[in-house]
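Participant: Provided herewith: my_file-v1.csv, CSV, C-alpha atoms and all ligand atoms.
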```csv
chain,number,residue,atom,x,y,z
F,1120,MET,CA,3.5,-17.3,14.0
F,1121,SER,CA,5.7,-20.3,14.9
F,1122,SER,CA,4.4,-22.9,12.4
F,1123,SER,CA,5.9,-23.3,9.0
F,1124,VAL,CA,2.4,-23.2,7.4
F,1125,PHE,CA,1.3,-19.5,7.2
F,1126,GLN,CA,-2.4,-18.7,7.0
F,1127,VAL,CA,-3.5,-15.9,4.6
F,1128,ALA,CA,-7.0,-14.5,4.8
F,1129,VAL,CA,-8.1,-13.7,1.2
F,1130,ILE,CA,-10.8,-11.1,0.4
F,1131,LYS,CA,-11.0,-10.9,-3.4
F,1132,GLY,CA,-13.7,-8.2,-3.2
F,1133,ASP,CA,-15.2,-6.7,-6.4
F,1134,GLY,CA,-14.5,-6.0,-10.0
F,1135,ILE,CA,-10.8,-6.5,-11.1
F,1136,GLY,CA,-10.0,-7.3,-7.4
F,1137,ILE,CA,-11.0,-10.8,-8.1
F,1138,ASP,CA,-8.8,-11.3,-11.2
F,1139,VAL,CA,-5.7,-9.6,-9.7
F,1140,THR,CA,-6.0,-11.6,-6.4
F,1141,ASP,CA,-6.1,-14.9,-8.3
F,1142,ALA,CA,-3.0,-13.8,-10.3
F,1143,ALA,CA,-1.1,-12.6,-7.2
F,1144,LEU,CA,-1.7,-15.7,-5.1
F,1145,HIS,CA,-0.7,-17.9,-8.0
F,1146,ILE,CA,2.6,-16.0,-8.4
F,1147,VAL,CA,3.2,-16.2,-4.6
F,1148,GLU,CA,2.8,-20.0,-4.7
F,1149,VAL,CA,5.2,-20.3,-7.7
F,1150,ALA,CA,7.8,-18.1,-6.1
F,1151,LEU,CA,7.6,-20.1,-2.8
F,1152,GLU,CA,8.0,-23.3,-4.8
F,1153,LYS,CA,11.2,-21.8,-6.4
F,1154,ALA,CA,12.5,-20.5,-3.1
F,1155,GLY,CA,12.1,-23.8,-1.2
F,1156,ASN,CA,8.5,-24.5,-0.4
F,1157,THR,CA,7.3,-22.7,2.8
F,1158,ALA,CA,3.6,-23.4,2.7
F,1159,LEU,CA,0.8,-20.8,2.6
F,1160,GLU,CA,-2.8,-21.7,3.3
F,1161,PHE,CA,-5.4,-19.4,1.9
F,1162,LEU,CA,-8.7,-18.8,3.8
F,1163,PRO,CA,-11.3,-17.1,1.5
F,1164,ILE,CA,-13.6,-14.5,3.1
F,1165,GLN,CA,-16.6,-13.0,1.3
F,1166,ALA,CA,-16.8,-9.2,1.5
F,1167,GLY,CA,-17.4,-6.2,-0.7
F,1168,ALA,CA,-20.1,-4.4,-2.7
F,1169,GLY,CA,-21.3,-7.5,-4.5
F,1170,TYR,CA,-21.6,-9.3,-1.2
F,1171,PHE,CA,-23.5,-6.3,0.3
F,1172,LYS,CA,-25.9,-6.2,-2.6
F,1173,GLU,CA,-26.8,-9.9,-2.1
F,1174,THR,CA,-26.9,-10.0,1.7
F,1175,GLY,CA,-27.1,-6.5,3.1
F,1176,GLN,CA,-23.7,-7.1,5.0
F,1177,ASP,CA,-20.3,-5.8,3.8
F,1178,ILE,CA,-18.4,-8.9,5.1
F,1179,GLU,CA,-19.5,-12.4,6.0
F,1180,PRO,CA,-20.4,-13.2,9.6
F,1181,GLY,CA,-17.2,-13.9,11.5
F,1182,GLY,CA,-15.1,-12.6,8.6
F,1183,GLU,CA,-13.3,-9.9,10.6
F,1184,GLU,CA,-12.4,-12.3,13.4
F,1185,ALA,CA,-11.2,-14.9,10.9
F,1186,ALA,CA,-9.0,-12.3,9.2
F,1187,GLY,CA,-7.6,-11.3,12.6
F,1188,ARG,CA,-6.5,-14.9,13.3
F,1189,ALA,CA,-4.6,-15.2,10.0
F,1190,ASP,CA,-0.9,-14.5,9.7
F,1191,ALA,CA,-1.7,-11.9,7.0
F,1192,ILE,CA,-4.6,-10.6,5.0
F,1193,PHE,CA,-4.7,-10.2,1.2
F,1194,LEU,CA,-7.3,-8.0,-0.3
F,1195,GLY,CA,-8.1,-7.4,-4.0
F,1196,ALA,CA,-10.3,-4.3,-4.2
F,1197,ILE,CA,-13.6,-3.4,-2.6
F,1198,GLY,CA,-16.4,-1.1,-3.8
F,1199,LEU,CA,-18.6,-0.5,-6.8
F,1200,PRO,CA,-19.9,3.1,-7.5
F,1201,SER,CA,-23.4,1.7,-8.2
F,1202,VAL,CA,-23.7,0.1,-4.7
F,1203,ARG,CA,-24.0,2.5,-1.8
F,1204,GLN,CA,-25.1,2.8,1.8
F,1205,LYS,CA,-28.2,4.9,2.6
F,1206,ASP,CA,-25.9,8.0,3.4
F,1207,GLY,CA,-24.5,7.8,-0.2
F,1208,THR,CA,-21.1,6.5,0.8
F,1209,GLU,CA,-19.6,3.3,-0.6
F,1210,ILE,CA,-19.1,-0.1,0.8
F,1211,SER,CA,-15.7,-0.1,2.5
F,1212,PRO,CA,-15.2,-2.8,5.3
F,1213,HIS,CA,-11.5,-2.5,4.8
F,1214,LEU,CA,-11.4,0.9,6.5
F,1215,ARG,CA,-12.9,-0.9,9.6
F,1216,LEU,CA,-10.2,-3.7,9.3
F,1217,ARG,CA,-7.6,-1.0,9.2
F,1218,GLU,CA,-8.9,0.4,12.5
F,1219,LYS,CA,-9.8,-2.9,14.2
F,1220,PHE,CA,-6.2,-4.2,13.6
F,1221,ASN,CA,-4.6,-0.8,14.1
F,1222,LEU,CA,-2.9,-0.9,10.7
F,1223,TYR,CA,-1.2,2.4,11.1
F,1224,ALA,CA,1.7,2.0,8.6
F,1225,GLY,CA,0.6,2.2,5.0
F,1226,VAL,CA,3.5,1.2,2.9
F,1227,ARG,CA,3.3,2.4,-0.8
F,1228,PRO,CA,6.3,1.9,-2.9
F,1229,ALA,CA,6.8,3.8,-6.2
F,1230,ARG,CA,9.6,2.5,-8.4
F,1231,ALA,CA,10.5,3.2,-12.0
F,1232,TYR,CA,10.7,0.0,-14.1
F,1233,PRO,CA,12.7,0.0,-17.4
F,1234,ASN,CA,10.5,0.4,-20.5
F,1235,ALA,CA,7.5,1.2,-18.3
F,1236,PRO,CA,6.1,4.7,-19.1
F,1237,GLN,CA,7.9,7.6,-17.6
F,1238,ARG,CA,5.6,10.6,-17.2
F,1239,LEU,CA,8.5,13.0,-16.8
F,1240,ALA,CA,10.8,14.0,-19.7
F,1241,ASP,CA,13.9,14.2,-17.4
F,1242,PRO,CA,16.0,11.0,-17.8
F,1243,ARG,CA,16.6,11.0,-14.1
F,1244,ALA,CA,13.0,9.8,-13.7
F,1245,ALA,CA,14.4,6.3,-14.4
F,1246,GLU,CA,15.9,6.5,-11.0
F,1247,ILE,CA,12.6,7.0,-9.0
F,1248,ASP,CA,12.6,4.5,-6.2
F,1249,MET,CA,10.7,5.7,-3.1
F,1250,VAL,CA,8.2,4.6,-0.5
F,1251,ILE,CA,5.4,6.7,0.8
F,1252,LEU,CA,4.5,5.8,4.4
F,1253,ARG,CA,0.9,6.8,4.9
F,1254,GLU,CA,-0.4,6.8,8.4
F,1255,SER,CA,-3.6,4.9,7.9
F,1256,THR,CA,-5.8,4.9,11.1
F,1257,GLU,CA,-6.2,8.6,12.1
F,1258,GLY,CA,-5.4,11.9,10.4
F,1259,LEU,CA,-8.2,13.3,8.3
F,1260,PHE,CA,-9.7,9.8,7.9
F,1261,TYR,CA,-10.4,9.6,11.6
F,1262,SER,CA,-14.0,10.7,11.0
F,1263,ALA,CA,-14.5,8.9,7.7
F,1264,ALA,CA,-18.1,8.0,7.2
F,1265,VAL,CA,-17.5,4.3,8.0
F,1266,HIS,CA,-16.4,5.2,11.5
F,1267,ASN,CA,-19.5,7.4,12.2
F,1268,ARG,CA,-17.5,10.1,14.1
F,1269,CYS,CA,-18.5,13.2,12.2
F,1270,PRO,CA,-18.7,15.8,15.0
F,1271,VAL,CA,-21.0,18.3,13.2
F,1272,ASP,CA,-23.6,17.3,10.5
F,1273,THR,CA,-26.6,19.6,10.8
F,1274,GLY,CA,-27.9,19.5,7.3
F,1275,ASP,CA,-26.5,23.1,6.8
F,1276,GLU,CA,-22.9,22.3,7.9
F,1277,VAL,CA,-20.6,19.3,8.1
F,1278,GLN,CA,-17.3,19.3,10.1
F,1279,GLU,CA,-14.8,16.5,10.1
F,1280,LEU,CA,-11.9,15.8,12.5
F,1281,LEU,CA,-8.1,15.5,11.9
F,1282,ARG,CA,-6.6,13.4,14.7
F,1283,ILE,CA,-2.9,13.0,15.4
F,1284,THR,CA,-1.9,11.0,18.5
F,1285,ARG,CA,1.5,10.6,20.1
F,1286,THR,CA,1.2,6.8,20.4
F,1287,THR,CA,0.5,6.2,16.7
F,1288,THR,CA,2.9,8.9,15.5
F,1289,GLU,CA,5.8,7.6,17.5
F,1290,LYS,CA,5.3,4.1,16.0
F,1291,LEU,CA,4.8,5.5,12.5
F,1292,HIS,CA,8.1,7.5,12.6
F,1293,ASP,CA,10.0,4.5,14.0
F,1294,PHE,CA,8.5,2.4,11.2
F,1295,ALA,CA,9.7,5.0,8.7
F,1296,PHE,CA,13.3,5.0,10.0
F,1297,LYS,CA,13.4,1.2,10.3
F,1298,LEU,CA,12.2,0.9,6.7
F,1299,ALA,CA,14.9,3.3,5.6
F,1300,GLN,CA,17.5,1.1,7.5
F,1301,LYS,CA,16.3,-1.9,5.5
F,1302,ARG,CA,16.4,0.0,2.2
F,1303,GLN,CA,19.9,1.2,3.0
F,1304,GLU,CA,21.2,-2.3,2.6
F,1305,ARG,CA,20.0,-2.3,-1.0
F,1306,ARG,CA,20.6,1.4,-2.0
F,1307,GLY,CA,23.7,2.3,0.0
F,1308,LYS,CA,22.1,5.4,1.5
F,1309,SER,CA,18.8,6.3,3.0
F,1310,LYS,CA,16.7,9.3,3.9
F,1311,VAL,CA,13.3,9.9,5.6
F,1312,THR,CA,11.4,13.0,4.7
F,1313,CYS,CA,8.6,14.2,7.0
F,1314,VAL,CA,5.8,15.7,4.8
F,1315,ASP,CA,3.4,17.9,6.7
F,1316,LYS,CA,1.8,21.3,7.0
F,1317,ALA,CA,3.5,22.3,10.2
F,1318,ASN,CA,3.5,25.9,9.2
F,1319,VAL,CA,-0.3,26.1,9.5
F,1320,PHE,CA,-1.8,23.3,11.7
F,1321,ARG,CA,-1.0,22.6,15.3
F,1322,SER,CA,-1.6,18.9,14.7
F,1323,MET,CA,1.1,18.9,12.0
F,1324,ALA,CA,3.6,20.8,14.1
F,1325,PHE,CA,3.0,18.0,16.7
F,1326,PHE,CA,3.6,15.4,14.0
F,1327,ARG,CA,6.9,17.0,13.0
F,1328,LYS,CA,8.0,17.4,16.7
F,1329,ILE,CA,7.6,13.7,17.2
F,1330,PHE,CA,9.5,13.0,14.0
F,1331,ASP,CA,12.4,15.0,15.4
F,1332,GLU,CA,12.2,13.2,18.8
F,1333,ARG,CA,12.3,9.8,17.2
F,1334,SER,CA,14.9,10.6,14.6
F,1335,VAL,CA,17.7,10.8,17.3
F,1336,ARG,CA,17.4,7.0,17.6
F,1337,PHE,CA,18.4,6.6,14.0
F,1338,PRO,CA,21.5,8.9,13.6
F,1339,GLU,CA,22.7,7.1,10.5
F,1340,ILE,CA,19.6,8.0,8.5
F,1341,GLU,CA,19.4,11.4,6.9
F,1342,LYS,CA,16.3,13.4,7.6
F,1343,GLY,CA,14.4,16.0,5.6
F,1344,TYR,CA,11.2,18.0,5.7
F,1345,ASN,CA,8.7,19.2,3.2
F,1346,TYR,CA,5.3,20.9,3.3
F,1347,VAL,CA,2.8,18.9,1.5
F,1348,ASP,CA,2.1,21.5,-1.2
F,1349,ALA,CA,5.9,21.8,-1.9
F,1350,GLN,CA,6.1,18.0,-1.9
F,1351,ALA,CA,3.5,17.8,-4.7
F,1352,LEU,CA,5.7,20.2,-6.7
F,1353,ASP,CA,8.9,18.3,-5.9
F,1354,PHE,CA,7.3,15.1,-7.1
F,1355,ILE,CA,7.1,16.7,-10.5
F,1356,ARG,CA,10.5,18.6,-10.3
F,1357,LYS,CA,12.8,16.0,-8.7
F,1358,PRO,CA,11.1,12.8,-7.4
F,1359,TRP,CA,14.3,10.8,-7.8
F,1360,GLU,CA,15.7,12.6,-4.8
F,1361,PHE,CA,13.3,11.0,-2.3
F,1362,ASP,CA,13.5,7.7,-0.5
F,1363,VAL,CA,11.1,7.2,2.4
F,1364,LEU,CA,8.4,9.8,2.9
F,1365,VAL,CA,6.3,9.8,6.1
F,1366,MET,CA,2.9,11.6,6.3
F,1367,GLU,CA,-0.6,12.0,7.6
F,1368,ASN,CA,-3.4,9.8,6.2
F,1369,MET,CA,-5.0,12.1,3.7
F,1370,PHE,CA,-1.7,13.6,2.4
F,1371,GLY,CA,-0.5,10.0,1.9
F,1372,ASP,CA,-3.8,9.0,0.1
F,1373,ILE,CA,-3.3,11.8,-2.4
F,1374,LEU,CA,0.5,11.8,-2.8
F,1375,SER,CA,0.8,8.0,-3.2
F,1376,ASP,CA,-1.5,8.2,-6.2
F,1377,LEU,CA,0.6,11.0,-7.7
F,1378,ALA,CA,3.8,8.9,-7.0
F,1379,GLY,CA,2.1,5.8,-8.6
F,1380,GLY,CA,1.2,7.9,-11.7
F,1381,LEU,CA,4.9,9.0,-12.0
F,1382,VAL,CA,6.0,5.4,-12.6
F,1383,GLY,CA,3.2,4.2,-14.8
F,1384,GLY,CA,-0.2,4.0,-13.3
F,1385,MET,CA,-2.4,2.4,-10.6
F,1386,GLY,CA,-1.6,-1.0,-12.1
F,1387,MET,CA,1.9,-0.8,-10.5
F,1388,ALA,CA,0.9,0.6,-7.1
F,1389,ALA,CA,1.4,-2.0,-4.4
F,1390,CYS,CA,0.4,-1.4,-0.8
F,1391,GLY,CA,1.0,-2.9,2.6
F,1392,GLU,CA,-1.0,-1.8,5.7
F,1393,ILE,CA,0.9,-2.9,8.7
F,1394,GLY,CA,0.3,-2.8,12.5
F,1395,ASP,CA,2.0,-4.2,15.5
F,1396,ASN,CA,0.3,-7.6,15.1
F,1397,HIS,CA,-1.4,-7.7,11.7
F,1398,GLY,CA,-0.7,-6.9,8.1
F,1399,LEU,CA,-3.1,-6.4,5.2
F,1400,PHE,CA,-1.8,-6.3,1.6
F,1401,GLN,CA,-3.6,-5.0,-1.4
F,1402,PRO,CA,-3.0,-3.2,-4.7
F,1403,ALA,CA,-3.7,0.5,-4.1
F,1404,HIS,CA,-6.1,0.7,-7.0
F,1405,GLY,CA,-9.8,0.1,-6.8
F,1406,SER,CA,-12.2,-2.3,-8.5
F,1407,ALA,CA,-11.9,-0.5,-11.9
F,1408,PRO,CA,-15.5,-1.1,-13.1
F,1409,ASP,CA,-14.6,0.4,-16.5
F,1410,ILE,CA,-12.4,-2.5,-17.4
F,1411,MET,CA,-13.7,-5.4,-15.2
F,1412,GLY,CA,-14.4,-8.7,-16.8
F,1413,GLN,CA,-12.3,-7.8,-19.9
F,1414,ASP,CA,-8.9,-9.3,-19.0
F,1415,LYS,CA,-7.4,-5.8,-19.2
F,1416,ALA,CA,-6.3,-5.2,-15.6
F,1417,ASN,CA,-2.6,-5.0,-14.9
F,1418,PRO,CA,-2.1,-7.5,-12.1
F,1419,LEU,CA,1.4,-6.3,-11.2
F,1420,ALA,CA,0.3,-4.0,-8.3
F,1421,ALA,CA,-1.4,-7.0,-6.7
F,1422,ILE,CA,1.6,-9.3,-7.5
F,1423,LEU,CA,4.0,-6.7,-6.0
F,1424,SER,CA,1.7,-6.5,-2.9
F,1425,GLY,CA,2.0,-10.3,-2.7
F,1426,ALA,CA,5.8,-9.8,-2.5
F,1427,LEU,CA,5.3,-7.1,0.2
F,1428,MET,CA,3.3,-9.7,2.1
F,1429,LEU,CA,6.0,-12.3,1.8
F,1430,ASP,CA,8.6,-9.8,3.1
F,1431,TYR,CA,6.3,-9.0,6.1
F,1432,LEU,CA,5.9,-12.6,7.0
F,1433,ALA,CA,9.6,-13.2,6.5
F,1434,ASP,CA,10.4,-10.4,9.0
F,1435,LYS,CA,7.8,-11.6,11.5
F,1436,ALA,CA,8.9,-15.2,11.4
F,1437,SER,CA,12.6,-14.7,10.7
F,1438,ASN,CA,12.0,-16.9,7.7
F,1439,ASP,CA,14.6,-16.6,4.9
F,1440,THR,CA,12.6,-18.7,2.4
F,1441,LEU,CA,9.8,-16.2,2.5
F,1442,ALA,CA,12.2,-13.3,2.0
F,1443,LEU,CA,13.8,-15.1,-0.9
F,1444,ALA,CA,10.4,-15.6,-2.5
F,1445,ALA,CA,9.6,-11.9,-2.2
F,1446,LYS,CA,12.9,-11.1,-3.9
F,1447,ILE,CA,12.3,-13.7,-6.6
F,1448,ILE,CA,9.0,-11.9,-7.5
F,1449,ASP,CA,10.6,-8.4,-7.5
F,1450,ASP,CA,13.5,-9.5,-9.6
F,1451,ALA,CA,11.2,-11.3,-12.1
F,1452,ILE,CA,9.1,-8.2,-12.6
F,1453,TYR,CA,12.2,-5.9,-13.0
F,1454,HIS,CA,13.8,-8.3,-15.4
F,1455,GLY,CA,10.5,-8.8,-17.3
F,1456,PHE,CA,10.3,-5.0,-18.0
F,1457,ALA,CA,14.0,-4.7,-18.8
F,1458,THR,CA,13.8,-7.4,-21.5
F,1459,LYS,CA,10.3,-6.2,-22.7
F,1460,ARG,CA,8.8,-9.6,-21.8
F,1461,ILE,CA,6.2,-7.8,-19.7
F,1462,ARG,CA,4.1,-5.3,-21.8
F,1463,PRO,CA,0.9,-4.4,-19.9
F,1464,GLN,CA,-2.1,-3.1,-21.9
F,1465,GLU,CA,-2.3,-0.4,-19.3
F,1466,PHE,CA,0.8,1.1,-20.8
F,1467,GLY,CA,-0.2,0.5,-24.5
F,1468,GLY,CA,1.3,-3.0,-24.6
F,1469,ASP,CA,-0.4,-6.2,-25.8
F,1470,MET,CA,-0.7,-8.1,-22.5
F,1471,GLY,CA,-3.8,-8.4,-20.3
F,1472,THR,CA,-4.1,-10.0,-16.8
F,1473,LYS,CA,-3.7,-13.6,-17.9
F,1474,ALA,CA,-0.8,-13.0,-20.3
F,1475,ILE,CA,1.2,-11.0,-17.7
F,1476,THR,CA,0.6,-13.6,-15.0
F,1477,ARG,CA,1.8,-16.4,-17.4
F,1478,GLU,CA,4.9,-14.4,-18.3
F,1479,VAL,CA,5.8,-13.7,-14.6
F,1480,ILE,CA,5.5,-17.4,-13.9
F,1481,ASN,CA,7.8,-18.1,-16.9
F,1482,LEU,CA,10.3,-15.5,-15.6
F,1483,ILE,CA,10.3,-17.1,-12.2
F,1484,ARG,CA,10.7,-20.6,-13.4
F,1485,GLY,CA,13.4,-19.5,-15.8
U,1501,LIG,N1,-8.6,-0.3,-1.8
U,1501,LIG,C1,-9.7,-0.4,-2.4
U,1501,LIG,O1,-10.4,-1.4,-2.4
U,1501,LIG,C2,-10.2,0.7,-3.3
U,1501,LIG,C3,-9.3,1.8,-3.6
U,1501,LIG,C4,-9.8,2.8,-4.5
U,1501,LIG,C5,-11.1,2.7,-5.0
U,1501,LIG,N2,-11.9,1.7,-4.6
U,1501,LIG,C6,-13.3,1.6,-5.2
U,1501,LIG,O2,-13.1,1.1,-6.6
U,1501,LIG,C7,-14.2,1.6,-7.4
U,1501,LIG,C8,-13.6,2.3,-8.6
U,1501,LIG,O3,-12.9,3.5,-8.1
U,1501,LIG,P1,-12.0,4.4,-9.1
U,1501,LIG,O4,-12.5,4.3,-10.5
U,1501,LIG,O5,-12.0,5.7,-8.4
U,1501,LIG,O6,-10.5,3.9,-9.0
U,1501,LIG,P2,-9.8,2.6,-9.7
U,1501,LIG,O7,-8.5,2.5,-9.1
U,1501,LIG,O8,-10.7,1.4,-9.6
U,1501,LIG,O9,-9.7,3.1,-11.2
U,1501,LIG,C9,-9.1,4.3,-11.6
U,1501,LIG,C10,-8.6,4.2,-13.1
U,1501,LIG,O10,-7.4,3.4,-13.1
U,1501,LIG,C11,-7.6,2.2,-13.9
U,1501,LIG,N3,-7.0,1.1,-13.2
U,1501,LIG,C12,-7.1,0.8,-11.9
U,1501,LIG,N4,-6.4,-0.3,-11.6
U,1501,LIG,C13,-5.9,-0.8,-12.8
U,1501,LIG,C14,-5.2,-1.9,-13.1
U,1501,LIG,N5,-4.8,-2.8,-12.2
U,1501,LIG,N6,-4.9,-2.1,-14.4
U,1501,LIG,C15,-5.2,-1.2,-15.4
U,1501,LIG,N7,-5.9,-0.1,-15.1
U,1501,LIG,C16,-6.3,0.1,-13.8
U,1501,LIG,C17,-9.1,2.1,-14.0
U,1501,LIG,O11,-9.4,1.4,-15.2
U,1501,LIG,C18,-9.6,3.5,-14.0
U,1501,LIG,O12,-9.5,4.1,-15.3
U,1501,LIG,C19,-15.0,2.5,-6.4
U,1501,LIG,O13,-16.1,1.8,-6.0
U,1501,LIG,C20,-14.0,2.9,-5.3
U,1501,LIG,O14,-14.7,3.2,-4.1
U,1501,LIG,C21,-11.5,0.7,-3.8
```
Before anything else, please render the file you have as structure tokens.
Facilitator:
Amino acid sequence: MSSSVFQVAVIKGDGIGIDVTDAALHIVEVALEKAGNTALEFLPIQAGAGYFKETGQDIEPGGEEAAGRADAIFLGAIGLPSVRQKDGTEISPHLRLREKFNLYAGVRPARAYPNAPQRLADPRAAEIDMVILRESTEGLFYSAAVHNRCPVDTGDEVQELLRITRTTTEKLHDFAFKLAQKRQERRGKSKVTCVDKANVFRSMAFFRKIFDERSVRFPEIEKGYNYVDAQALDFIRKPWEFDVLVMENMFGDILSDLAGGLVGGMGMAACGEIGDNHGLFQPAHGSAPDIMGQDKANPLAAILSGALMLDYLADKASNDTLALAAKIIDDAIYHGFATKRIRPQEFGGDMGTKAITREVINLIRG
């Protein structure tokens, strides 16, 4: 990643994935223009349920390799409940991409924006600002259908595997502590909470043991522990107390949706999936067939994922312009909520996908 033109592989996918990707990439370009013009080149790749229906393939030939050569991958949303494999599961090539590129660190921020709905009555809910770090290649997704690794499936019984490895877990916990260090610059303090079920599962006790081992390298970062069931309770009782939370794949899948719900809904849930050499960025929501084609989707999760992508590229290439562009997007959205210039239909407002996109552009251009 030495050139000043960065290549982004773009998989728009299905349903609202297409609209929110267009919105996000447009905003990324406008923010880069404002920050000082580091160029991005977008490489479209066909994939998803619609593509599968037409061709019988879930991604175009050579698509995975092309995505692997790009500096980053941006994905809208993949899947339509009406299009399925013979075994009844949905079309999900992005699970394969996660594994192929070893995207172990799933970064899912949840931040309260002013005037966006707060689901909790306690006024401290306005202070929610946390990141769920979801391990994304193993855990209970190790035998997910797409990987074809189900150890027992007799017709009378199905067993699945939960896998925790030292190699991935060490990298995951290091990622969590480094993320906390980065957030410390903005927040003044930082904490990593290890969320597990170490009281019951050997694999989870192992996960926590590695957390303790790695934490000694980051003495300035406070550490904490929570069992996953208690964490669900604490997300309702006192979510404002948490900063970075690191956890196994399925726990992160569930708790990140809960965290997203606390600060509005899926339309605000950004996501980065990061490995040692690749990064994939996508809104955490799906293709939302119930609202597709109606200009109702909130594009902010995708736009915020675009900012995460810029931040990732900035770190990889030590490029301040990209970091500035990411901050420009974050600040524009925060300011837009604070001044009520952003009013998503998802939250009972009057703005659909196009109107929000236009307003974010106005906010950036000032
Ligand atoms: N990463 C992905 O590509 C991904 C993630 C989750 C689901 N899916 C797929 O998407 C399809 C639909 O799944 P689902 O209905 O369970 O989840 P979903 O996230 O698509 O929708 C859940 C609910 O949230 C709403 N919603 C989601 N995103 C929104 C947005 N940006 N703005 C406003 N409202 C929004 C929807 O209208 C719906 O009511 C399925 O085929 C599923 O497999 C894909």
Participant: Report as number ranges by chain which protein, DNA and RNA residues come within 7 Å of ligand LIG 1501 (chain U), using only C-alpha atoms and all ligand atoms.
Facilitator: F: 1195-1200, 1209, 1385-1386, 1401-1410, 1415-1418, 1420, 1465
Participant: Could you dump the residues just selected with C-alpha atoms as a PDB file, in the frame of the given file?
Facilitator:
```pdb
ATOM      1  CA  GLY F1195      -8.100  -7.400  -4.000  1.00  0.00           C
ATOM      2  CA  ALA F1196     -10.300  -4.300  -4.200  1.00  0.00           C
ATOM      3  CA  ILE F1197     -13.600  -3.400  -2.600  1.00  0.00           C
ATOM      4  CA  GLY F1198     -16.400  -1.100  -3.800  1.00  0.00           C
ATOM      5  CA  LEU F1199     -18.600  -0.500  -6.800  1.00  0.00           C
ATOM      6  CA  PRO F1200     -19.900   3.100  -7.500  1.00  0.00           C
ATOM      7  CA  GLU F1209     -19.600   3.300  -0.600  1.00  0.00           C
ATOM      8  CA  MET F1385      -2.400   2.400 -10.600  1.00  0.00           C
ATOM      9  CA  GLY F1386      -1.600  -1.000 -12.100  1.00  0.00           C
ATOM     10  CA  GLN F1401      -3.600  -5.000  -1.400  1.00  0.00           C
ATOM     11  CA  PRO F1402      -3.000  -3.200  -4.700  1.00  0.00           C
ATOM     12  CA  ALA F1403      -3.700   0.500  -4.100  1.00  0.00           C
ATOM     13  CA  HIS F1404      -6.100   0.700  -7.000  1.00  0.00           C
ATOM     14  CA  GLY F1405      -9.800   0.100  -6.800  1.00  0.00           C
ATOM     15  CA  SER F1406     -12.200  -2.300  -8.500  1.00  0.00           C
ATOM     16  CA  ALA F1407     -11.900  -0.500 -11.900  1.00  0.00           C
ATOM     17  CA  PRO F1408     -15.500  -1.100 -13.100  1.00  0.00           C
ATOM     18  CA  ASP F1409     -14.600   0.400 -16.500  1.00  0.00           C
ATOM     19  CA  ILE F1410     -12.400  -2.500 -17.400  1.00  0.00           C
ATOM     20  CA  LYS F1415      -7.400  -5.800 -19.200  1.00  0.00           C
ATOM     21  CA  ALA F1416      -6.300  -5.200 -15.600  1.00  0.00           C
ATOM     22  CA  ASN F1417      -2.600  -5.000 -14.900  1.00  0.00           C
ATOM     23  CA  PRO F1418      -2.100  -7.500 -12.100  1.00  0.00           C
ATOM     24  CA  ALA F1420       0.300  -4.000  -8.300  1.00  0.00           C
ATOM     25  CA  GLU F1465      -2.300  -0.400 -19.300  1.00  0.00           C
TER      26      GLU F1465
END
```
Participant: Do you know which residues are at most 10 Å from Asp1395 (chain F) counting all atoms listed in the file, after dropping those on the same chain fewer than 4 positions away, and could you put them as a list in words?
Facilitator: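 Near neighbours after the sequence-gap exclusion: Phe1220, Asn1221, Leu1222, Tyr1223, Ala1224 and Lys1290 of chain F.
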Participant: Work out how far CA of Ser1255 (chain F) is from CA of Thr1312 (chain F), in Å to one decimal.
Facilitator: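 Taking CA of Thr1312 (chain F) and CA of Ser1255 (chain F), their separation equals 17.3 Å.
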Participant: Can you tell me how far CA of Arg1327 (chain F) sits from CA of Lys1310 (chain F), in Å to one decimal?
Facilitator: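 Between CA of Arg1327 (chain F) and CA of Lys1310 (chain F) the gap works out to 15.4 Å.
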Participant: Which residue is closest to Val1129 (chain F)? Choose from F:Ala1299, F:Leu1399, F:Ala1389, F:Ala1378 and count only C-alpha atoms.
Facilitator: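 Closest candidate: F:Leu1399.
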Participant: Around the point (8.2, -23.3, -1.4), in the coordinates given by the file, pick out the residues reaching within 12 Å, counting all atoms listed in the file, and return them as a PyMOL selection string.
Facilitator: chain F and resi 1123-1125+1146-1159+1429+1438-1445+1447
Participant: Closest to Gly1412 (chain F) among F:Pro1180, F:Gly1274, F:Gly1455, F:Gly1471, using all atoms listed in the file?
Facilitator: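 Of the candidates, the smallest distance to Gly1412 (chain F) is held by F:Gly1471.
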Participant: Which is closest to Glu1257 (chain F) among F:Asp1450, F:Glu1304, F:Asp1272, F:Glu1218, if we use all atoms listed in the file?
Facilitator: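 Going through F:Asp1450, F:Glu1304, F:Asp1272, F:Glu1218 one by one, the smallest distance to Glu1257 (chain F) is for F:Glu1218.
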Participant: Pick out the residues sitting within 8 Å of Cys1313 (chain F), and hand them over as a list in words; count all atoms listed in the file, and ignore anything fewer than 4 positions along from it in its own chain.
Facilitator: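 Here the qualifying residues turn out to be Arg1327, Phe1330, Lys1342, Gly1343, Tyr1344, Asn1345, Leu1364, Val1365 and Met1366 of chain F.
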Participant: Take the residues from that selection and write them out as an mmCIF file, in the coordinates of the input, keeping C-alpha atoms.
Facilitator:
```
data_model
loop_
_atom_site.group_PDB
_atom_site.id
_atom_site.type_symbol
_atom_site.label_atom_id
_atom_site.label_comp_id
_atom_site.auth_asym_id
_atom_site.auth_seq_id
_atom_site.Cartn_x
_atom_site.Cartn_y
_atom_site.Cartn_z
ATOM 1 C CA ARG F 1327 6.900 17.000 13.000
ATOM 2 C CA PHE F 1330 9.500 13.000 14.000
ATOM 3 C CA LYS F 1342 16.300 13.400 7.600
ATOM 4 C CA GLY F 1343 14.400 16.000 5.600
ATOM 5 C CA TYR F 1344 11.200 18.000 5.700
ATOM 6 C CA ASN F 1345 8.700 19.200 3.200
ATOM 7 C CA LEU F 1364 8.400 9.800 2.900
ATOM 8 C CA VAL F 1365 6.300 9.800 6.100
ATOM 9 C CA MET F 1366 2.900 11.600 6.300
#
```
